[in-house]
Amino acid sequence: MNKILVTGAAGQLGTELTQKLCEIHGSEAIIASDINQNSSTKFSFCQFMVLDVMDKISLRNAIVNENICQVYHLAAILSATAEQKPLLAWKLNIDSLLILLDLAKELKLDRIFWPSSIAVFGKESPKENTAQDAVQTANTVYGISKMAGERWCDYYYSHHNVDVRSLRFPGLIGYKAKPGGGTTDYAVDIFHKALAGQVFRSFLEKETRLPMMYMPDAIKATIDLMQAPSDNITVRSSYNLTAMSFTPEEIYLELKKHFPEFKIKYQPDYRQEIASNWPQTIDDQYARNDWNWQQEYNLPEMTKDIIKNLPYWIDKI
């Protein structure tokens with residue numbers, strides 16, 4: 001049986017994407033992997049493998065021995081954490097991608113998915129309706145690594161016909177995993193604080209608008225992209241993608257409709273500078289035209305759904 005490997009599966013995106021892949025392809029066809037052995041408890045529904053994506057020999061053996069035909073490569077160090085560990089972040093984010101792309105070329109894998117980010121844009125990029133081909137002036141370690149990764153993806157497709165596909169994700173919001181060290185993760189943590197009856201301390205200023213997406217839409221977009229015919233894919237670096245944009249104040253006021261006593265304090269830190277250089281809204285017409293991308297959730301709908309489901313998941317994450 002041909003199988004699908006998910007690296008970094010224990011992260012916020014990987015946790016939910018792995019579940020969805022099992023629903024589509026069957027649990028026996030999916031292998032979740034992570035460098036943390038303790039993550040195995042999250043994947044009772046499919047095979048789990050401890051895997052260091054920086055170890056090319058181990059990764060190659062896993063692909064060959066398990067008959068892997070597709071890889072969703074999610075292992076990464078995110079924006080805020082990357083600023084604290086820049087050399088490690090660069091090494092993991094770029095070297096692991098190059099190892100996988102080279103193995104895809106050698107072993108003729110069917111498809112690779114690799115997530116990019118709006119962090120590729122910087123202070124010189126347009127802030128409103130940032131276009132697919134807008135100038136990229138990333139000024140964070142994470143953004144620079146994603147900017148370079150996009151070029152490597154395009155290179156391996158153009159020069160070696162590796163079918164690698166990518167999405168420039170906005171901030172992702174979910175309830176099945178803890179925040180993973182991203183600048184936009186305040187929009188995950190704020191729900192935990194509201195449910196716990198605690199004051200939320202925002203590390204971003206109240207009017208900092210950023211593109212965001214609810215996790216079910218992120219999973220849907222990933223699957224839609226990977227299932228699209230190859231001829232439909234016109235962007236081989238990474239597709240712009242968006243669903244909604246809001247500020248910390250707007251999501252706070254939405255939560256106050258459900259938790260009238262909820263309080264927020266604004267205490268901006270170094271992550272404010274990161275966010276200030278990112279787009280506020282995104283133009284994702286290429287994704288909508290090429291493979292019919294369409295989001296399903298806005299801010300009020302997402303808020304209601306998380307409030308409904310998060311209490312059940314708090315003890316599980």
# chains A, B, ... in the order shown; residues from 1 in each chain; ligands from 1
call {"tool": "residues_around", "arguments": {"residues": "Ile219 in chain A", "least_positions_apart": "6", "cutoff": "10 Å", "atoms": "only C-alpha atoms", "output": "list in words"}}
result
Leu13, Gly14, Glu16, Leu17, Thr18, Gln19, Lys20, Leu21 and Leu225 of chain A
call {"tool": "write_last_selection", "arguments": {"atoms": "C-alpha atoms", "output": "CSV table (one decimal), in the first residue's frame"}}
result
chain,number,residue,atom,x,y,z
A,13,LEU,CA,-1.7,22.1,11.9
A,14,GLY,CA,-0.4,18.6,11.9
A,16,GLU,CA,-5.8,18.1,12.7
A,17,LEU,CA,-4.5,17.5,9.2
A,18,THR,CA,-3.4,14.0,10.2
A,19,GLN,CA,-6.9,13.2,11.4
A,20,LYS,CA,-8.5,14.5,8.2
A,21,LEU,CA,-6.0,12.5,6.0
A,225,LEU,CA,-4.6,22.0,-3.2
call {"tool": "residues_around", "arguments": {"residues": "Glu301 in chain A", "least_positions_apart": "4", "cutoff": "12 Å", "atoms": "only C-alpha atoms", "output": "NGL selection string"}}
result
:A and (213-214 or 216 or 244 or 251 or 254-255 or 295-297 or 305-308)
call {"tool": "write_last_selection", "arguments": {"atoms": "N, CA, C and O atoms", "output": "PDB file, in the first residue's frame"}}
result
ATOM      1  N   MET A 213      -7.074  32.544   9.819  1.00  0.00           N
ATOM      2  CA  MET A 213      -7.854  31.444   9.239  1.00  0.00           C
ATOM      3  C   MET A 213      -8.149  30.417  10.323  1.00  0.00           C
ATOM      4  O   MET A 213      -7.277  30.079  11.127  1.00  0.00           O
ATOM      5  N   TYR A 214      -9.388  29.943  10.349  1.00  0.00           N
ATOM      6  CA  TYR A 214      -9.774  28.878  11.280  1.00  0.00           C
ATOM      7  C   TYR A 214      -9.234  27.557  10.748  1.00  0.00           C
ATOM      8  O   TYR A 214      -9.209  27.314   9.545  1.00  0.00           O
ATOM      9  N   PRO A 216     -10.206  24.424  10.431  1.00  0.00           N
ATOM     10  CA  PRO A 216     -10.912  23.619   9.431  1.00  0.00           C
ATOM     11  C   PRO A 216     -10.756  24.163   8.008  1.00  0.00           C
ATOM     12  O   PRO A 216     -10.676  23.381   7.044  1.00  0.00           O
ATOM     13  N   MET A 244     -10.046  35.665   6.706  1.00  0.00           N
ATOM     14  CA  MET A 244     -10.558  36.829   7.431  1.00  0.00           C
ATOM     15  C   MET A 244      -9.373  37.615   7.965  1.00  0.00           C
ATOM     16  O   MET A 244      -8.243  37.117   8.003  1.00  0.00           O
ATOM     17  N   ILE A 251     -11.363  40.477  18.174  1.00  0.00           N
ATOM     18  CA  ILE A 251     -11.636  39.124  18.660  1.00  0.00           C
ATOM     19  C   ILE A 251     -12.005  39.160  20.150  1.00  0.00           C
ATOM     20  O   ILE A 251     -12.849  38.383  20.617  1.00  0.00           O
ATOM     21  N   GLU A 254     -15.628  40.098  20.344  1.00  0.00           N
ATOM     22  CA  GLU A 254     -16.452  38.954  19.926  1.00  0.00           C
ATOM     23  C   GLU A 254     -16.586  37.963  21.074  1.00  0.00           C
ATOM     24  O   GLU A 254     -17.677  37.417  21.320  1.00  0.00           O
ATOM     25  N   LEU A 255     -15.505  37.739  21.797  1.00  0.00           N
ATOM     26  CA  LEU A 255     -15.547  36.822  22.938  1.00  0.00           C
ATOM     27  C   LEU A 255     -16.376  37.396  24.085  1.00  0.00           C
ATOM     28  O   LEU A 255     -17.033  36.649  24.821  1.00  0.00           O
ATOM     29  N   GLN A 295     -13.288  29.909   1.574  1.00  0.00           N
ATOM     30  CA  GLN A 295     -13.348  29.692   3.016  1.00  0.00           C
ATOM     31  C   GLN A 295     -14.782  29.484   3.472  1.00  0.00           C
ATOM     32  O   GLN A 295     -15.734  29.866   2.784  1.00  0.00           O
ATOM     33  N   GLU A 296     -14.936  28.908   4.669  1.00  0.00           N
ATOM     34  CA  GLU A 296     -16.260  28.626   5.218  1.00  0.00           C
ATOM     35  C   GLU A 296     -16.547  29.387   6.513  1.00  0.00           C
ATOM     36  O   GLU A 296     -17.706  29.520   6.901  1.00  0.00           O
ATOM     37  N   TYR A 297     -15.501  29.889   7.195  1.00  0.00           N
ATOM     38  CA  TYR A 297     -15.689  30.498   8.513  1.00  0.00           C
ATOM     39  C   TYR A 297     -15.287  31.963   8.529  1.00  0.00           C
ATOM     40  O   TYR A 297     -14.279  32.354   7.942  1.00  0.00           O
ATOM     41  N   ASP A 305     -17.834  28.174  17.325  1.00  0.00           N
ATOM     42  CA  ASP A 305     -17.414  26.784  17.193  1.00  0.00           C
ATOM     43  C   ASP A 305     -16.317  26.425  18.193  1.00  0.00           C
ATOM     44  O   ASP A 305     -16.332  25.342  18.776  1.00  0.00           O
ATOM     45  N   ILE A 306     -15.366  27.339  18.409  1.00  0.00           N
ATOM     46  CA  ILE A 306     -14.294  27.065  19.367  1.00  0.00           C
ATOM     47  C   ILE A 306     -14.849  27.001  20.789  1.00  0.00           C
ATOM     48  O   ILE A 306     -14.486  26.115  21.573  1.00  0.00           O
ATOM     49  N   ILE A 307     -15.722  27.917  21.146  1.00  0.00           N
ATOM     50  CA  ILE A 307     -16.323  27.913  22.481  1.00  0.00           C
ATOM     51  C   ILE A 307     -17.083  26.616  22.730  1.00  0.00           C
ATOM     52  O   ILE A 307     -17.064  26.051  23.833  1.00  0.00           O
ATOM     53  N   LYS A 308     -17.712  26.117  21.703  1.00  0.00           N
ATOM     54  CA  LYS A 308     -18.459  24.862  21.816  1.00  0.00           C
ATOM     55  C   LYS A 308     -17.536  23.668  22.024  1.00  0.00           C
ATOM     56  O   LYS A 308     -17.848  22.757  22.817  1.00  0.00           O
TER      57      LYS A 308
END
call {"tool": "closest_residue", "arguments": {"among": "A:Phe200, A:Trp152, A:Tyr157, A:Phe262", "to": "Ser230 in chain A", "atoms": "only C-alpha atoms"}}
result
A:Tyr157
call {"tool": "closest_residue", "arguments": {"among": "A:Ser39, A:Thr247, A:Thr7, A:Thr140", "to": "Leu51 in chain A", "atoms": "only C-alpha atoms"}}
result
A:Thr7
call {"tool": "residues_around", "arguments": {"residues": "Ile57 in chain A", "least_positions_apart": "6", "cutoff": "10 Å", "atoms": "only C-alpha atoms", "output": "PDB file with all heavy atoms, in the first residue's frame"}}
result
ATOM      1  N   ILE A  63      10.798   6.481   4.157  1.00  0.00           N
ATOM      2  CA  ILE A  63      10.072   6.599   2.888  1.00  0.00           C
ATOM      3  C   ILE A  63      10.109   5.291   2.107  1.00  0.00           C
ATOM      4  O   ILE A  63       9.080   4.818   1.586  1.00  0.00           O
ATOM      5  CB  ILE A  63      10.652   7.757   2.051  1.00  0.00           C
ATOM      6  CG1 ILE A  63      10.328   9.100   2.714  1.00  0.00           C
ATOM      7  CG2 ILE A  63      10.118   7.728   0.628  1.00  0.00           C
ATOM      8  CD1 ILE A  63      11.028  10.289   2.077  1.00  0.00           C
ATOM      9  N   ILE A  99      16.486  18.480   2.251  1.00  0.00           N
ATOM     10  CA  ILE A  99      16.639  17.023   2.358  1.00  0.00           C
ATOM     11  C   ILE A  99      15.447  16.327   1.731  1.00  0.00           C
ATOM     12  O   ILE A  99      15.592  15.371   0.947  1.00  0.00           O
ATOM     13  CB  ILE A  99      16.803  16.624   3.841  1.00  0.00           C
ATOM     14  CG1 ILE A  99      18.187  17.024   4.349  1.00  0.00           C
ATOM     15  CG2 ILE A  99      16.586  15.119   4.021  1.00  0.00           C
ATOM     16  CD1 ILE A  99      18.355  16.884   5.851  1.00  0.00           C
ATOM     17  N   LEU A 103      15.191  13.990  -1.693  1.00  0.00           N
ATOM     18  CA  LEU A 103      14.680  12.620  -1.651  1.00  0.00           C
ATOM     19  C   LEU A 103      13.492  12.448  -2.598  1.00  0.00           C
ATOM     20  O   LEU A 103      13.339  11.394  -3.224  1.00  0.00           O
ATOM     21  CB  LEU A 103      14.273  12.260  -0.216  1.00  0.00           C
ATOM     22  CG  LEU A 103      15.422  12.045   0.766  1.00  0.00           C
ATOM     23  CD1 LEU A 103      14.883  11.867   2.187  1.00  0.00           C
ATOM     24  CD2 LEU A 103      16.258  10.828   0.360  1.00  0.00           C
TER      25      LEU A 103
END
call {"tool": "residues_around", "arguments": {"residues": "range 276-282 of chain A", "least_positions_apart": "2", "cutoff": "10 Å", "atoms": "only C-alpha atoms", "output": "ChimeraX atom specification"}}
result
/A:118-132,137-140,143,170,204-205,208-212,240-247,271-274,284-285
call {"tool": "closest_residue", "arguments": {"among": "A:Phe43, A:Asn298, A:Val53, A:Met1", "to": "Glu28 in chain A", "atoms": "only C-alpha atoms"}}
result
A:Met1
call {"tool": "closest_residue", "arguments": {"among": "A:Asn289, A:Ser166, A:Ser145, A:Asn93", "to": "Ile112 in chain A", "atoms": "only C-alpha atoms"}}
result
A:Ser166
call {"tool": "closest_residue", "arguments": {"among": "A:Val141, A:Leu97, A:Leu107, A:Ala76", "to": "Asn61 in chain A", "atoms": "only C-alpha atoms"}}
result
A:Leu107
call {"tool": "closest_residue", "arguments": {"among": "A:His258, A:Lys220, A:Arg288, A:Lys42", "to": "Thr234 in chain A", "atoms": "only C-alpha atoms"}}
result
A:Arg288
call {"tool": "residues_around", "arguments": {"residues": "Tyr239 in chain A", "least_positions_apart": "4", "cutoff": "9 Å", "atoms": "only C-alpha atoms", "output": "list in words"}}
result
Ser116, Gln132, Arg165, Ser166, Leu167, Arg168, Phe169, Val235, Asp284, Tyr286 and Ala287 of chain A
call {"tool": "select_by_dssp", "arguments": {"residues": "range 92-265 of chain A", "states": "alpha helix (DSSP H)", "output": "number ranges by chain"}}
result
A: 96-107, 141-160, 186-196, 215-227, 248-256
call {"tool": "atom_distance", "arguments": {"atom1": "CA of Pro300 in chain A", "atom2": "CA of Gly180 in chain A"}}
result
23.4 Å
call {"tool": "atom_distance", "arguments": {"atom1": "CA of Asp95 in chain A", "atom2": "CA of Pro179 in chain A"}}
result
24.0 Å
call {"tool": "select_by_dssp", "arguments": {"residues": "range 39-182 of chain A", "states": "strand (DSSP E or B)", "output": "short mmCIF file (atom, residue, chain, number, x, y, z; two decimals) with C-alpha atoms, in the first residue's frame"}}
result
data_model
loop_
_atom_site.label_atom_id
_atom_site.label_comp_id
_atom_site.auth_asym_id
_atom_site.auth_seq_id
_atom_site.Cartn_x
_atom_site.Cartn_y
_atom_site.Cartn_z
CA GLN A 47 0.72 4.63 12.90
CA PHE A 48 3.21 6.91 14.66
CA MET A 49 6.95 7.13 14.04
CA VAL A 50 9.66 9.03 15.90
CA ILE A 68 5.64 6.51 1.18
CA CYS A 69 4.32 8.27 -1.93
CA GLN A 70 3.36 11.68 -0.47
CA VAL A 71 4.82 13.78 2.34
CA TYR A 72 3.19 16.66 4.21
CA HIS A 73 6.27 18.38 5.61
CA ARG A 111 3.61 14.95 -4.22
CA ILE A 112 5.03 17.10 -1.44
CA PHE A 113 3.17 19.66 0.66
CA TRP A 114 5.16 22.37 2.43
CA PRO A 115 3.57 25.34 4.24
CA SER A 116 4.86 28.85 3.72
CA SER A 117 3.55 31.97 5.46
CA THR A 130 -1.16 42.04 -0.68
CA VAL A 164 5.73 20.26 -4.55
CA ARG A 165 2.77 22.42 -3.52
CA SER A 166 2.58 25.19 -0.94
CA LEU A 167 0.30 27.68 0.78
CA ARG A 168 1.22 31.01 2.37
CA PHE A 169 -0.82 30.51 5.50
CA GLY A 171 -2.42 33.05 11.29
CA LEU A 172 -4.01 29.66 12.03
CA ILE A 173 -6.49 29.28 14.88
#
call {"tool": "atom_distance", "arguments": {"atom1": "CA of Ile31 in chain A", "atom2": "CA of Leu5 in chain A"}}
result
4.9 Å
